[in-house]
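Okay, structure first, notes after.
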Amino acid sequence: MATPFGIRRRLKRLFGIPLDGAGAAAAEAPKVSLTVVSPKGEQATESVPESTLLAISGRMKHPISSGCSDSSCGTCRVEVLEGAENLTAQDARERGTLKDNGFPTTLRLACRAELVGGAAKVKAFEVV
Ligand code: FES
């Protein structure tokens, strides 16, 4: 039932309640699976809708560390162990940050790389 000015829809958005049909769509959205290996060798896996590696790891007990909000520090660098083909391509900004911070450009920045399908396994150099 429609309400004047979309009040019901606005309230649902405000309180994070799924919109009619949106909850079902989100539940059916394809999920990706990320495994993070910590510097101590501990592994954690999360299966969620596609996102950046950093955002996915944020749901884990020990997420990948981050140090900036503009992809410039390299703190979130990871080594991709499996599933590189499931990540978005590395762009010039990401390569530049790795190079400027003295890291190999074969690494990926968890705040830039998105897992867009399937699964991936990465080794983090720093975790929270
Ligand atoms: S958090 Fe700084 S480069 Fe990713």
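Chain labels follow the order of the structure tokens: the first chain is A, the next B, and so on; residue numbering restarts at 1 in every chain, and ligands are counted from 1 in their shown order.
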
Can you build me a table of chain A residues sitting at most 12 Å from ligand 1, with the closest atom pair per residue and its distance in Å to one decimal, using only C-alpha atoms and all ligand atoms, sorted by chain and residue number, as a tab-separated table?
residue	atom	partner	partner_atom_place_in_ligand_line	distance
A:Thr52	CA	ligand 1	4 (Fe)	10.4
A:Leu53	CA	ligand 1	4 (Fe)	10.0
A:Leu54	CA	ligand 1	4 (Fe)	7.9
A:Ala55	CA	ligand 1	1 (S)	10.7
A:Pro63	CA	ligand 1	1 (S)	11.8
A:Ile64	CA	ligand 1	1 (S)	9.0
A:Ser65	CA	ligand 1	1 (S)	7.1
A:Ser66	CA	ligand 1	1 (S)	3.8
A:Gly67	CA	ligand 1	1 (S)	4.6
A:Cys68	CA	ligand 1	2 (Fe)	4.1
A:Ser69	CA	ligand 1	1 (S)	6.1
A:Asp70	CA	ligand 1	2 (Fe)	6.4
A:Ser71	CA	ligand 1	3 (S)	3.5
A:Ser72	CA	ligand 1	3 (S)	4.5
A:Cys73	CA	ligand 1	2 (Fe)	4.0
A:Gly74	CA	ligand 1	3 (S)	3.9
A:Thr75	CA	ligand 1	2 (Fe)	5.2
A:Cys76	CA	ligand 1	4 (Fe)	4.5
A:Arg77	CA	ligand 1	4 (Fe)	6.7
A:Val78	CA	ligand 1	4 (Fe)	9.8
A:Arg93	CA	ligand 1	3 (S)	9.8
A:Glu94	CA	ligand 1	3 (S)	7.9
A:Arg95	CA	ligand 1	3 (S)	10.6
A:Gly96	CA	ligand 1	3 (S)	10.4
A:Thr97	CA	ligand 1	3 (S)	6.9
A:Leu98	CA	ligand 1	3 (S)	8.2
A:Lys99	CA	ligand 1	3 (S)	11.5
A:Asp100	CA	ligand 1	3 (S)	10.9
A:Asn101	CA	ligand 1	3 (S)	9.6
A:Phe103	CA	ligand 1	3 (S)	11.4
A:Leu107	CA	ligand 1	3 (S)	11.5
A:Arg108	CA	ligand 1	4 (Fe)	9.1
A:Leu109	CA	ligand 1	4 (Fe)	5.4
A:Ala110	CA	ligand 1	4 (Fe)	5.9
A:Cys111	CA	ligand 1	4 (Fe)	4.4
A:Arg112	CA	ligand 1	4 (Fe)	6.8
A:Ala113	CA	ligand 1	4 (Fe)	9.4
A:Ala124	CA	ligand 1	4 (Fe)	11.8
A:Glu126	CA	ligand 1	1 (S)	10.8
A:Val127	CA	ligand 1	1 (S)	11.5

Point-to-point distance from atom CA of Gly41 of chain A to atom CA of Val80 of chain A, Å rounded to tenths
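Here the two named atoms are 14.4 Å from each other.
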
Which of segment 57-128 of chain A end up as helix (DSSP H, G or I) when DSSP is run on this backbone - answer as a ChimeraX atom specification?
/A:57,84-86,92-100

Emit the selected residues as a compact mmCIF listing (two decimals), in the first residue's frame, including all heavy atoms.
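Final file, selection.txt:
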# COMPACT_ATOMS: atom_id res chain seq x y z
N SER A 57 36.41 -8.15 4.78
CA SER A 57 37.19 -8.57 5.95
C SER A 57 36.73 -7.84 7.21
O SER A 57 36.98 -8.30 8.32
CB SER A 57 38.69 -8.35 5.72
OG SER A 57 39.06 -7.01 5.97
N ALA A 84 42.58 -14.83 -8.08
CA ALA A 84 42.91 -13.51 -8.63
C ALA A 84 41.96 -13.13 -9.78
O ALA A 84 41.65 -11.95 -9.97
CB ALA A 84 44.36 -13.48 -9.10
N GLU A 85 41.50 -14.14 -10.50
CA GLU A 85 40.61 -13.88 -11.63
C GLU A 85 39.23 -13.37 -11.18
O GLU A 85 38.46 -12.86 -11.99
CB GLU A 85 40.46 -15.15 -12.49
CG GLU A 85 39.69 -16.28 -11.82
CD GLU A 85 40.54 -17.14 -10.87
OE1 GLU A 85 41.69 -16.79 -10.59
OE2 GLU A 85 40.00 -18.17 -10.39
N ASN A 86 38.94 -13.50 -9.90
CA ASN A 86 37.65 -13.04 -9.39
C ASN A 86 37.69 -11.62 -8.84
O ASN A 86 36.70 -11.13 -8.30
CB ASN A 86 37.16 -14.00 -8.29
CG ASN A 86 36.86 -15.38 -8.86
OD1 ASN A 86 36.43 -15.51 -9.99
ND2 ASN A 86 37.12 -16.41 -8.07
N ALA A 92 45.73 2.16 -12.24
CA ALA A 92 46.96 2.95 -12.11
C ALA A 92 47.12 3.51 -10.71
O ALA A 92 48.24 3.58 -10.17
CB ALA A 92 46.96 4.08 -13.14
N ARG A 93 46.02 3.88 -10.09
CA ARG A 93 46.07 4.43 -8.73
C ARG A 93 46.63 3.39 -7.76
O ARG A 93 47.47 3.68 -6.91
CB ARG A 93 44.67 4.89 -8.31
CG ARG A 93 44.51 5.19 -6.86
CD ARG A 93 44.89 6.58 -6.56
NE ARG A 93 44.78 6.83 -5.12
CZ ARG A 93 45.25 7.86 -4.52
NH1 ARG A 93 45.85 8.79 -5.24
NH2 ARG A 93 45.13 8.04 -3.25
N GLU A 94 46.12 2.18 -7.87
CA GLU A 94 46.56 1.10 -6.98
C GLU A 94 48.04 0.78 -7.21
O GLU A 94 48.81 0.67 -6.25
CB GLU A 94 45.69 -0.15 -7.23
CG GLU A 94 45.96 -1.27 -6.26
CD GLU A 94 45.02 -2.46 -6.47
OE1 GLU A 94 44.05 -2.36 -7.24
OE2 GLU A 94 45.27 -3.51 -5.86
N ARG A 95 48.44 0.65 -8.46
CA ARG A 95 49.85 0.38 -8.78
C ARG A 95 50.73 1.51 -8.25
O ARG A 95 51.80 1.27 -7.69
CB ARG A 95 50.05 0.24 -10.30
CG ARG A 95 49.89 -1.17 -10.79
CD ARG A 95 50.35 -1.31 -12.23
NE ARG A 95 49.64 -0.43 -13.16
CZ ARG A 95 48.44 -0.67 -13.64
NH1 ARG A 95 47.80 -1.77 -13.31
NH2 ARG A 95 47.86 0.17 -14.46
N GLY A 96 50.29 2.74 -8.40
CA GLY A 96 51.06 3.90 -7.95
C GLY A 96 51.26 3.90 -6.45
O GLY A 96 52.35 4.17 -5.95
N THR A 97 50.21 3.58 -5.71
CA THR A 97 50.31 3.55 -4.24
C THR A 97 51.28 2.46 -3.80
O THR A 97 52.11 2.69 -2.92
CB THR A 97 48.91 3.30 -3.61
OG1 THR A 97 48.08 4.42 -3.90
CG2 THR A 97 49.00 3.10 -2.11
N LEU A 98 51.17 1.28 -4.40
CA LEU A 98 52.09 0.20 -4.03
C LEU A 98 53.53 0.60 -4.33
O LEU A 98 54.43 0.45 -3.50
CB LEU A 98 51.71 -1.09 -4.78
CG LEU A 98 50.43 -1.77 -4.30
CD1 LEU A 98 49.94 -2.79 -5.32
CD2 LEU A 98 50.63 -2.41 -2.92
N LYS A 99 53.75 1.16 -5.50
CA LYS A 99 55.09 1.56 -5.92
C LYS A 99 55.63 2.68 -5.02
O LYS A 99 56.77 2.62 -4.55
CB LYS A 99 55.05 2.03 -7.37
CG LYS A 99 56.39 2.15 -8.03
CD LYS A 99 56.23 2.45 -9.49
CE LYS A 99 57.58 2.62 -10.16
NZ LYS A 99 57.45 2.96 -11.57
N ASP A 100 54.82 3.68 -4.75
CA ASP A 100 55.24 4.83 -3.94
C ASP A 100 55.59 4.42 -2.51
O ASP A 100 56.39 5.09 -1.84
CB ASP A 100 54.14 5.89 -3.89
CG ASP A 100 53.93 6.56 -5.24
OD1 ASP A 100 54.77 6.37 -6.15
OD2 ASP A 100 52.91 7.27 -5.40
